[in-house]
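So this block is upload35.pdb, PDB, C-alpha atoms and all ligand atoms:
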MODEL        1
ATOM      1  CA  MET A   1      21.341  23.564-201.422  1.00  0.00           C
ATOM      2  CA  ASN A   2      25.146  23.516-201.475  1.00  0.00           C
ATOM      3  CA  LEU A   3      26.811  23.323-198.099  1.00  0.00           C
ATOM      4  CA  ILE A   4      30.293  23.113-196.681  1.00  0.00           C
ATOM      5  CA  LEU A   5      30.828  21.245-193.460  1.00  0.00           C
ATOM      6  CA  ILE A   6      33.951  22.356-191.618  1.00  0.00           C
ATOM      7  CA  GLY A   7      35.235  20.571-188.560  1.00  0.00           C
ATOM      8  CA  ALA A   8      38.446  19.014-187.340  1.00  0.00           C
ATOM      9  CA  GLN A   9      38.914  15.288-187.576  1.00  0.00           C
ATOM     10  CA  GLY A  10      36.841  13.804-184.772  1.00  0.00           C
ATOM     11  CA  SER A  11      34.328  16.668-184.711  1.00  0.00           C
ATOM     12  CA  GLY A  12      31.479  14.411-185.849  1.00  0.00           C
ATOM     13  CA  LYS A  13      31.442  15.812-189.371  1.00  0.00           C
ATOM     14  CA  GLY A  14      30.769  12.462-191.064  1.00  0.00           C
ATOM     15  CA  THR A  15      27.739  11.768-188.875  1.00  0.00           C
ATOM     16  CA  GLN A  16      26.253  15.213-189.435  1.00  0.00           C
ATOM     17  CA  ALA A  17      26.937  14.984-193.167  1.00  0.00           C
ATOM     18  CA  SER A  18      24.804  11.807-193.264  1.00  0.00           C
ATOM     19  CA  LEU A  19      22.010  13.669-191.491  1.00  0.00           C
ATOM     20  CA  LEU A  20      22.114  16.484-194.049  1.00  0.00           C
ATOM     21  CA  VAL A  21      22.056  13.996-196.921  1.00  0.00           C
ATOM     22  CA  GLU A  22      19.003  12.316-195.440  1.00  0.00           C
ATOM     23  CA  GLU A  23      17.097  15.490-194.598  1.00  0.00           C
ATOM     24  CA  LEU A  24      17.943  17.553-197.675  1.00  0.00           C
ATOM     25  CA  GLY A  25      18.347  14.931-200.406  1.00  0.00           C
ATOM     26  CA  ILE A  26      21.755  16.340-201.295  1.00  0.00           C
ATOM     27  CA  VAL A  27      24.903  14.338-202.045  1.00  0.00           C
ATOM     28  CA  HIS A  28      27.837  13.872-199.675  1.00  0.00           C
ATOM     29  CA  LEU A  29      31.255  14.595-201.149  1.00  0.00           C
ATOM     30  CA  SER A  30      34.082  13.802-198.738  1.00  0.00           C
ATOM     31  CA  SER A  31      37.543  14.665-200.030  1.00  0.00           C
ATOM     32  CA  GLY A  32      39.097  12.173-197.586  1.00  0.00           C
ATOM     33  CA  ASP A  33      36.891   9.383-198.988  1.00  0.00           C
ATOM     34  CA  VAL A  34      37.767  10.430-202.538  1.00  0.00           C
ATOM     35  CA  PHE A  35      41.471  10.173-201.717  1.00  0.00           C
ATOM     36  CA  ARG A  36      41.114   6.888-199.817  1.00  0.00           C
ATOM     37  CA  ASN A  37      39.240   5.431-202.766  1.00  0.00           C
ATOM     38  CA  ALA A  38      41.946   6.597-205.174  1.00  0.00           C
ATOM     39  CA  VAL A  39      44.582   4.953-202.944  1.00  0.00           C
ATOM     40  CA  LYS A  40      42.596   1.707-202.857  1.00  0.00           C
ATOM     41  CA  LEU A  41      42.234   1.712-206.647  1.00  0.00           C
ATOM     42  CA  GLY A  42      45.925   2.543-207.083  1.00  0.00           C
ATOM     43  CA  THR A  43      45.241   5.453-209.466  1.00  0.00           C
ATOM     44  CA  PRO A  44      48.093   7.926-210.172  1.00  0.00           C
ATOM     45  CA  VAL A  45      46.409  10.484-207.882  1.00  0.00           C
ATOM     46  CA  GLY A  46      46.040   7.788-205.226  1.00  0.00           C
ATOM     47  CA  LEU A  47      49.705   6.823-205.403  1.00  0.00           C
ATOM     48  CA  GLU A  48      50.799  10.418-205.012  1.00  0.00           C
ATOM     49  CA  ALA A  49      48.240  11.241-202.308  1.00  0.00           C
ATOM     50  CA  LYS A  50      49.073   8.218-200.141  1.00  0.00           C
ATOM     51  CA  GLU A  51      52.496   9.534-199.278  1.00  0.00           C
ATOM     52  CA  TYR A  52      50.940  12.717-197.812  1.00  0.00           C
ATOM     53  CA  MET A  53      47.999  10.991-196.189  1.00  0.00           C
ATOM     54  CA  ASP A  54      50.149   8.504-194.264  1.00  0.00           C
ATOM     55  CA  ARG A  55      52.020  11.436-192.731  1.00  0.00           C
ATOM     56  CA  GLY A  56      48.778  13.244-191.948  1.00  0.00           C
ATOM     57  CA  ALA A  57      49.854  16.032-194.313  1.00  0.00           C
ATOM     58  CA  PHE A  58      47.604  17.887-196.732  1.00  0.00           C
ATOM     59  CA  VAL A  59      47.691  16.631-200.290  1.00  0.00           C
ATOM     60  CA  PRO A  60      49.009  19.583-202.364  1.00  0.00           C
ATOM     61  CA  ASP A  61      46.405  22.039-203.641  1.00  0.00           C
ATOM     62  CA  ARG A  62      47.356  21.434-207.289  1.00  0.00           C
ATOM     63  CA  ILE A  63      46.065  17.832-206.959  1.00  0.00           C
ATOM     64  CA  THR A  64      43.215  18.394-204.510  1.00  0.00           C
ATOM     65  CA  ILE A  65      41.542  21.367-206.179  1.00  0.00           C
ATOM     66  CA  ARG A  66      41.466  19.782-209.641  1.00  0.00           C
ATOM     67  CA  LEU A  67      40.182  16.452-208.296  1.00  0.00           C
ATOM     68  CA  ILE A  68      37.321  17.898-206.242  1.00  0.00           C
ATOM     69  CA  LEU A  69      36.259  20.474-208.844  1.00  0.00           C
ATOM     70  CA  ASP A  70      36.158  17.739-211.516  1.00  0.00           C
ATOM     71  CA  MET A  71      33.913  15.682-209.275  1.00  0.00           C
ATOM     72  CA  LEU A  72      31.607  18.627-208.547  1.00  0.00           C
ATOM     73  CA  ALA A  73      31.057  19.057-212.280  1.00  0.00           C
ATOM     74  CA  GLN A  74      29.537  15.543-212.487  1.00  0.00           C
ATOM     75  CA  PRO A  75      25.730  15.415-212.899  1.00  0.00           C
ATOM     76  CA  GLU A  76      25.270  13.333-209.740  1.00  0.00           C
ATOM     77  CA  TYR A  77      26.024  16.463-207.687  1.00  0.00           C
ATOM     78  CA  THR A  78      23.354  18.588-209.394  1.00  0.00           C
ATOM     79  CA  PRO A  79      20.753  18.107-206.593  1.00  0.00           C
ATOM     80  CA  GLY A  80      23.129  19.864-204.221  1.00  0.00           C
ATOM     81  CA  VAL A  81      26.138  18.837-202.233  1.00  0.00           C
ATOM     82  CA  VAL A  82      27.512  18.765-198.737  1.00  0.00           C
ATOM     83  CA  LEU A  83      31.257  19.193-199.052  1.00  0.00           C
ATOM     84  CA  ASP A  84      33.153  17.501-196.234  1.00  0.00           C
ATOM     85  CA  GLY A  85      36.925  17.995-195.892  1.00  0.00           C
ATOM     86  CA  PHE A  86      37.135  20.527-198.705  1.00  0.00           C
ATOM     87  CA  PRO A  87      37.981  23.416-198.767  1.00  0.00           C
ATOM     88  CA  ARG A  88      40.635  23.003-196.108  1.00  0.00           C
ATOM     89  CA  THR A  89      42.802  26.012-196.953  1.00  0.00           C
ATOM     90  CA  ARG A  90      41.973  29.587-197.916  1.00  0.00           C
ATOM     91  CA  ASP A  91      43.389  28.958-201.409  1.00  0.00           C
ATOM     92  CA  GLN A  92      41.047  25.996-201.853  1.00  0.00           C
ATOM     93  CA  ALA A  93      38.107  28.165-200.742  1.00  0.00           C
ATOM     94  CA  ARG A  94      39.041  30.844-203.267  1.00  0.00           C
ATOM     95  CA  ALA A  95      39.450  28.270-206.056  1.00  0.00           C
ATOM     96  CA  LEU A  96      36.025  26.875-205.218  1.00  0.00           C
ATOM     97  CA  ASP A  97      34.428  30.324-205.305  1.00  0.00           C
ATOM     98  CA  GLU A  98      36.032  30.993-208.683  1.00  0.00           C
ATOM     99  CA  ALA A  99      34.900  27.686-210.190  1.00  0.00           C
ATOM    100  CA  LEU A 100      31.296  27.544-208.960  1.00  0.00           C
ATOM    101  CA  PRO A 101      29.724  30.209-211.219  1.00  0.00           C
ATOM    102  CA  GLU A 102      30.774  28.150-214.247  1.00  0.00           C
ATOM    103  CA  LEU A 103      28.841  25.244-212.768  1.00  0.00           C
ATOM    104  CA  HIS A 104      25.880  27.612-212.134  1.00  0.00           C
ATOM    105  CA  ARG A 105      26.003  27.108-208.410  1.00  0.00           C
ATOM    106  CA  ALA A 106      27.051  28.846-205.252  1.00  0.00           C
ATOM    107  CA  ILE A 107      27.719  27.910-201.658  1.00  0.00           C
ATOM    108  CA  ASP A 108      24.652  28.659-199.527  1.00  0.00           C
ATOM    109  CA  ARG A 109      26.104  28.096-196.070  1.00  0.00           C
ATOM    110  CA  ALA A 110      29.340  26.949-194.445  1.00  0.00           C
ATOM    111  CA  ILE A 111      28.821  25.106-191.176  1.00  0.00           C
ATOM    112  CA  TYR A 112      31.564  24.966-188.562  1.00  0.00           C
ATOM    113  CA  LEU A 113      31.326  22.232-185.936  1.00  0.00           C
ATOM    114  CA  ASN A 114      33.337  23.714-183.101  1.00  0.00           C
ATOM    115  CA  VAL A 115      34.880  21.151-180.713  1.00  0.00           C
ATOM    116  CA  PRO A 116      37.732  21.848-178.223  1.00  0.00           C
ATOM    117  CA  ARG A 117      41.131  20.485-179.175  1.00  0.00           C
ATOM    118  CA  GLU A 118      41.497  18.182-176.112  1.00  0.00           C
ATOM    119  CA  THR A 119      38.152  16.549-176.868  1.00  0.00           C
ATOM    120  CA  LEU A 120      39.183  16.014-180.474  1.00  0.00           C
ATOM    121  CA  PHE A 121      42.419  14.315-179.438  1.00  0.00           C
ATOM    122  CA  GLU A 122      40.594  12.002-177.071  1.00  0.00           C
ATOM    123  CA  ARG A 123      37.950  11.095-179.656  1.00  0.00           C
ATOM    124  CA  LEU A 124      40.496  10.440-182.405  1.00  0.00           C
ATOM    125  CA  SER A 125      42.853   8.281-180.414  1.00  0.00           C
ATOM    126  CA  GLY A 126      39.961   5.889-179.622  1.00  0.00           C
ATOM    127  CA  ARG A 127      38.733   5.676-183.202  1.00  0.00           C
ATOM    128  CA  PHE A 128      38.675   2.451-185.214  1.00  0.00           C
ATOM    129  CA  VAL A 129      37.159   1.704-188.609  1.00  0.00           C
ATOM    130  CA  CYS A 130      36.128  -1.629-190.034  1.00  0.00           C
ATOM    131  CA  ARG A 131      38.319  -3.142-192.705  1.00  0.00           C
ATOM    132  CA  ASP A 132      35.614  -3.723-195.292  1.00  0.00           C
ATOM    133  CA  HIS A 133      33.409  -0.608-195.255  1.00  0.00           C
ATOM    134  CA  GLN A 134      35.105   1.929-192.942  1.00  0.00           C
ATOM    135  CA  HIS A 135      32.185   1.936-190.486  1.00  0.00           C
ATOM    136  CA  VAL A 136      33.418   4.041-187.566  1.00  0.00           C
ATOM    137  CA  PHE A 137      33.587   2.940-183.901  1.00  0.00           C
ATOM    138  CA  ASN A 138      35.216   4.443-180.848  1.00  0.00           C
ATOM    139  CA  VAL A 139      36.487   2.454-177.879  1.00  0.00           C
ATOM    140  CA  LYS A 140      35.416   5.267-175.551  1.00  0.00           C
ATOM    141  CA  THR A 141      32.290   6.757-177.059  1.00  0.00           C
ATOM    142  CA  LYS A 142      30.859   4.143-179.439  1.00  0.00           C
ATOM    143  CA  PRO A 143      32.313   0.693-178.720  1.00  0.00           C
ATOM    144  CA  PRO A 144      31.358  -2.258-180.956  1.00  0.00           C
ATOM    145  CA  LEU A 145      29.118  -4.969-179.471  1.00  0.00           C
ATOM    146  CA  VAL A 146      31.873  -7.569-179.953  1.00  0.00           C
ATOM    147  CA  PRO A 147      35.332  -6.098-179.240  1.00  0.00           C
ATOM    148  CA  GLY A 148      37.417  -5.805-182.402  1.00  0.00           C
ATOM    149  CA  LEU A 149      34.624  -6.586-184.861  1.00  0.00           C
ATOM    150  CA  CYS A 150      32.265  -4.393-186.880  1.00  0.00           C
ATOM    151  CA  ASP A 151      28.609  -4.520-185.725  1.00  0.00           C
ATOM    152  CA  ILE A 152      27.405  -4.059-189.276  1.00  0.00           C
ATOM    153  CA  ASP A 153      29.515  -6.342-191.471  1.00  0.00           C
ATOM    154  CA  GLY A 154      31.599  -8.363-188.969  1.00  0.00           C
ATOM    155  CA  SER A 155      34.950  -7.382-190.489  1.00  0.00           C
ATOM    156  CA  PRO A 156      37.888  -6.652-188.141  1.00  0.00           C
ATOM    157  CA  LEU A 157      38.293  -3.160-186.732  1.00  0.00           C
ATOM    158  CA  ILE A 158      41.557  -1.432-187.552  1.00  0.00           C
ATOM    159  CA  GLN A 159      43.109   1.912-186.701  1.00  0.00           C
ATOM    160  CA  ARG A 160      43.564   4.171-189.716  1.00  0.00           C
ATOM    161  CA  SER A 161      47.220   4.834-190.500  1.00  0.00           C
ATOM    162  CA  ASP A 162      46.517   8.525-189.855  1.00  0.00           C
ATOM    163  CA  ASP A 163      44.925   7.946-186.419  1.00  0.00           C
ATOM    164  CA  THR A 164      48.185   7.335-184.497  1.00  0.00           C
ATOM    165  CA  PRO A 165      48.987   9.906-181.737  1.00  0.00           C
ATOM    166  CA  ALA A 166      51.804  11.719-183.596  1.00  0.00           C
ATOM    167  CA  VAL A 167      49.763  11.966-186.762  1.00  0.00           C
ATOM    168  CA  ILE A 168      46.657  13.088-184.855  1.00  0.00           C
ATOM    169  CA  GLU A 169      48.689  15.914-183.267  1.00  0.00           C
ATOM    170  CA  LYS A 170      49.876  17.034-186.681  1.00  0.00           C
ATOM    171  CA  ARG A 171      46.413  16.913-188.227  1.00  0.00           C
ATOM    172  CA  LEU A 172      44.901  18.945-185.385  1.00  0.00           C
ATOM    173  CA  HIS A 173      47.720  21.481-185.624  1.00  0.00           C
ATOM    174  CA  ASP A 174      47.103  21.838-189.377  1.00  0.00           C
ATOM    175  CA  PHE A 175      43.377  22.183-188.830  1.00  0.00           C
ATOM    176  CA  PHE A 176      43.758  25.072-186.397  1.00  0.00           C
ATOM    177  CA  GLU A 177      46.482  26.749-188.473  1.00  0.00           C
ATOM    178  CA  GLN A 178      45.130  26.258-191.984  1.00  0.00           C
ATOM    179  CA  THR A 179      41.435  25.486-191.837  1.00  0.00           C
ATOM    180  CA  ILE A 180      40.282  27.971-189.194  1.00  0.00           C
ATOM    181  CA  PRO A 181      41.124  30.721-191.751  1.00  0.00           C
ATOM    182  CA  VAL A 182      38.501  29.056-193.989  1.00  0.00           C
ATOM    183  CA  VAL A 183      35.956  29.543-191.173  1.00  0.00           C
ATOM    184  CA  HIS A 184      36.875  33.265-191.101  1.00  0.00           C
ATOM    185  CA  TYR A 185      36.626  33.389-194.901  1.00  0.00           C
ATOM    186  CA  TYR A 186      32.983  32.269-194.872  1.00  0.00           C
ATOM    187  CA  ARG A 187      32.174  34.364-191.805  1.00  0.00           C
ATOM    188  CA  ALA A 188      33.295  37.437-193.778  1.00  0.00           C
ATOM    189  CA  GLN A 189      30.905  36.392-196.565  1.00  0.00           C
ATOM    190  CA  GLY A 190      28.044  36.194-194.032  1.00  0.00           C
ATOM    191  CA  LYS A 191      27.572  32.477-194.768  1.00  0.00           C
ATOM    192  CA  LEU A 192      28.864  30.935-191.562  1.00  0.00           C
ATOM    193  CA  LEU A 193      26.729  28.834-189.240  1.00  0.00           C
ATOM    194  CA  GLU A 194      28.771  27.953-186.162  1.00  0.00           C
ATOM    195  CA  ILE A 195      27.568  25.072-184.021  1.00  0.00           C
ATOM    196  CA  ASP A 196      28.880  23.922-180.647  1.00  0.00           C
ATOM    197  CA  GLY A 197      29.918  20.364-181.543  1.00  0.00           C
ATOM    198  CA  HIS A 198      30.861  19.390-177.992  1.00  0.00           C
ATOM    199  CA  GLN A 199      27.409  17.972-177.270  1.00  0.00           C
ATOM    200  CA  PRO A 200      25.511  14.738-177.898  1.00  0.00           C
ATOM    201  CA  ILE A 201      25.221  13.837-181.602  1.00  0.00           C
ATOM    202  CA  GLU A 202      21.421  14.255-181.658  1.00  0.00           C
ATOM    203  CA  ARG A 203      21.610  17.722-180.121  1.00  0.00           C
ATOM    204  CA  VAL A 204      24.226  18.839-182.659  1.00  0.00           C
ATOM    205  CA  GLY A 205      22.019  17.494-185.462  1.00  0.00           C
ATOM    206  CA  ALA A 206      18.973  19.353-184.122  1.00  0.00           C
ATOM    207  CA  LEU A 207      20.928  22.619-183.894  1.00  0.00           C
ATOM    208  CA  LEU A 208      22.146  22.122-187.425  1.00  0.00           C
ATOM    209  CA  ILE A 209      18.689  21.618-188.870  1.00  0.00           C
ATOM    210  CA  GLU A 210      17.364  24.571-186.867  1.00  0.00           C
ATOM    211  CA  GLY A 211      20.300  26.789-187.856  1.00  0.00           C
ATOM    212  CA  LEU A 212      19.761  26.065-191.534  1.00  0.00           C
ATOM    213  CA  GLY A 213      16.128  27.055-191.081  1.00  0.00           C
ATOM    214  CA  ILE A 214      14.711  23.818-192.442  1.00  0.00           C
ATOM    215  CA  THR A 215      11.802  21.891-191.103  1.00  0.00           C
ATOM    216  CA  ILE A 216      11.734  18.153-191.648  1.00  0.00           C
ATOM    217  CA  GLU A 217       8.447  18.356-193.621  1.00  0.00           C
ATOM    218  CA  GLU A 218       9.825  21.068-195.912  1.00  0.00           C
ATOM    219  CA  SER A 219      12.883  19.052-196.771  1.00  0.00           C
ATOM    220  CA  ARG A 220      11.082  15.862-197.807  1.00  0.00           C
TER     221      ARG A 220
HETATM  222  P1  LIG A 301      39.972  13.181-193.959  1.00  0.00           P
HETATM  223  O1  LIG A 301      39.303  11.853-193.990  1.00  0.00           O
HETATM  224  O2  LIG A 301      39.076  14.307-194.362  1.00  0.00           O
HETATM  225  O3  LIG A 301      40.669  13.450-192.666  1.00  0.00           O
HETATM  226  O4  LIG A 301      41.121  13.154-195.080  1.00  0.00           O
HETATM  227  C1  LIG A 301      42.160  12.186-195.036  1.00  0.00           C
HETATM  228  C2  LIG A 301      43.425  12.747-195.686  1.00  0.00           C
HETATM  229  O5  LIG A 301      43.163  13.079-197.065  1.00  0.00           O
HETATM  230  C3  LIG A 301      43.941  14.044-195.082  1.00  0.00           C
HETATM  231  O6  LIG A 301      44.747  13.816-193.932  1.00  0.00           O
HETATM  232  C4  LIG A 301      44.750  14.614-196.241  1.00  0.00           C
HETATM  233  O7  LIG A 301      45.981  13.934-196.400  1.00  0.00           O
HETATM  234  C5  LIG A 301      43.870  14.262-197.440  1.00  0.00           C
HETATM  235  N1  LIG A 301      42.895  15.337-197.718  1.00  0.00           N
HETATM  236  C6  LIG A 301      41.541  15.260-197.648  1.00  0.00           C
HETATM  237  N2  LIG A 301      40.961  16.420-197.998  1.00  0.00           N
HETATM  238  C7  LIG A 301      41.975  17.278-198.293  1.00  0.00           C
HETATM  239  C8  LIG A 301      42.027  18.636-198.694  1.00  0.00           C
HETATM  240  N3  LIG A 301      40.907  19.365-198.866  1.00  0.00           N
HETATM  241  N4  LIG A 301      43.243  19.188-198.914  1.00  0.00           N
HETATM  242  C9  LIG A 301      44.383  18.472-198.745  1.00  0.00           C
HETATM  243  N5  LIG A 301      44.407  17.189-198.345  1.00  0.00           N
HETATM  244  C10 LIG A 301      43.211  16.585-198.115  1.00  0.00           C
ENDMDL
END

Go through the file and emit its structure as structure tokens.
Amino acid sequence: MNLILIGAQGSGKGTQASLLVEELGIVHLSSGDVFRNAVKLGTPVGLEAKEYMDRGAFVPDRITIRLILDMLAQPEYTPGVVLDGFPRTRDQARALDEALPELHRAIDRAIYLNVPRETLFERLSGRFVCRDHQHVFNVKTKPPLVPGLCDIDGSPLIQRSDDTPAVIEKRLHDFFEQTIPVVHYYRAQGKLLEIDGHQPIERVGALLIEGLGITIEESR
């Protein structure tokens, strides 16, 4: 199964992607993680992307589309993929649709986790990640056991450079302007599964599994 998970930053996309990976045995491909990794490694793509990422701006399509499509062609994604953070523009969605037949695959469903803008802002401004493995905590909704330290690996918690209030505003604006058209794009194809993401994590996960029509036994 090949899925797209669409949701603004702070919509709980990462958590639900992990659930899908576990239940369906498919592979998670997060464009944000791909870019952050490239920045960390100091690759040419990373150096160029960093400038956009720090401002909360989209990395240009000419870089993003090539990078993600190249990754999708790798054998590790053959079992199926849950795409997270890509496509984020209508042009990216079209490029994906054009490239997939060559890889002998197609998108089965696009899932939209719908969360109100005010809730997203509140969630994002409380978000911290650990320095060593980017485990996510939230001072309001998921505080660490020891303030300032990761529960899992003990490394210090830091705020991502793109989680400051001005940058959060910009990212949410871009999501509603540029990525909501991607939701409409998949709705027109009859592939959209829209889920109310303003609910407890477990409930959202249950709705997702139900909406995709999978039973836990079937998927194992
Ligand atoms: P994320 O973790 O998904 O919020 O992504 C972090 C940053 O990576 C974004 O703010 C963008 O700068 C960049 N990025 C990730 N995915 C895309 C995409 N599909 N198109 C353009 N830029 C992206």

Box time for ligand LIG 301 (chain A): axis-aligned, enclosing all its listed atoms, 3 Å extra on each side; report centre and edge lengths in Å to one decimal, as JSON.
{"center_x": 42.5, "center_y": 15.6, "center_z": -195.8, "size_x": 12.9, "size_y": 13.5, "size_z": 12.2}

(message) Can you work out which residues are within 10 Å of ligand LIG 301 (chain A), considering only C-alpha atoms and all ligand atoms, and then hand them over as JSON, numbers by chain?
(response) {"A": [6, 7, 8, 9, 10, 13, 14, 30, 31, 32, 33, 34, 35, 36, 49, 50, 51, 52, 53, 54, 55, 56, 57, 58, 59, 60, 61, 62, 63, 64, 65, 67, 68, 83, 84, 85, 86, 87, 88, 89, 92, 93, 160, 161, 162, 163, 167, 168, 170, 171, 172, 174, 175, 179]}

(message) When you count all atoms listed in the file, which of these residues is closest to His133 of chain A: A:Leu149, A:Ser155, A:Arg105, A:Phe121?
(response)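 Looking only at the distances to His133 of chain A, the closest residue turns out to be A:Ser155.
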
(request) I would like the residues chosen by the PyMOL selection byres (((chain A and resi 107) around 10) and not hetatm) on the shown file; could you give them as a PyMOL selection string? (result) chain A and resi 1-4+80-83+96-97+100+105-106+108-110+186+191

(request) Have a look at atom CA of Thr15 of chain A and atom CA of Phe128 of chain A and let me know their distance in Å, one decimal. (result)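 If I compute the distance from atom CA of Thr15 of chain A to atom CA of Phe128 of chain A, I get 14.8 Å.
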
(request) Would you kindly translate the PyMOL selection byres (((chain A and resi 140) around 9) and not hetatm) into the concrete residues it picks from this file, as a ChimeraX atom specification? (result) /A:122-123,126-127,137-139,141-143

(message) Going by the chain IDs and residue numbers used in this file, which residues fall under the PyMOL selection byres (((chain A and resi 212) around 12) and not hetatm)? Write them as a PyMOL selection string.
(response) chain A and resi 1-3+20+23-24+108-111+191-195+205-211+213-216+218-219

(request) Quote the spacing between atom CA of Glu202 of chain A and atom CA of Ala188 of chain A in Å to one decimal place. (result)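 One can read the atom CA of Glu202 of chain A to atom CA of Ala188 of chain A distance as 28.7 Å.
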
(request) Tell me which of A:Val115, A:Leu124, A:Leu69, A:Val27 sits closest to Pro101 of chain A, counting all atoms listed in the file. (result)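 Closest to Pro101 of chain A of all the choices is A:Leu69.
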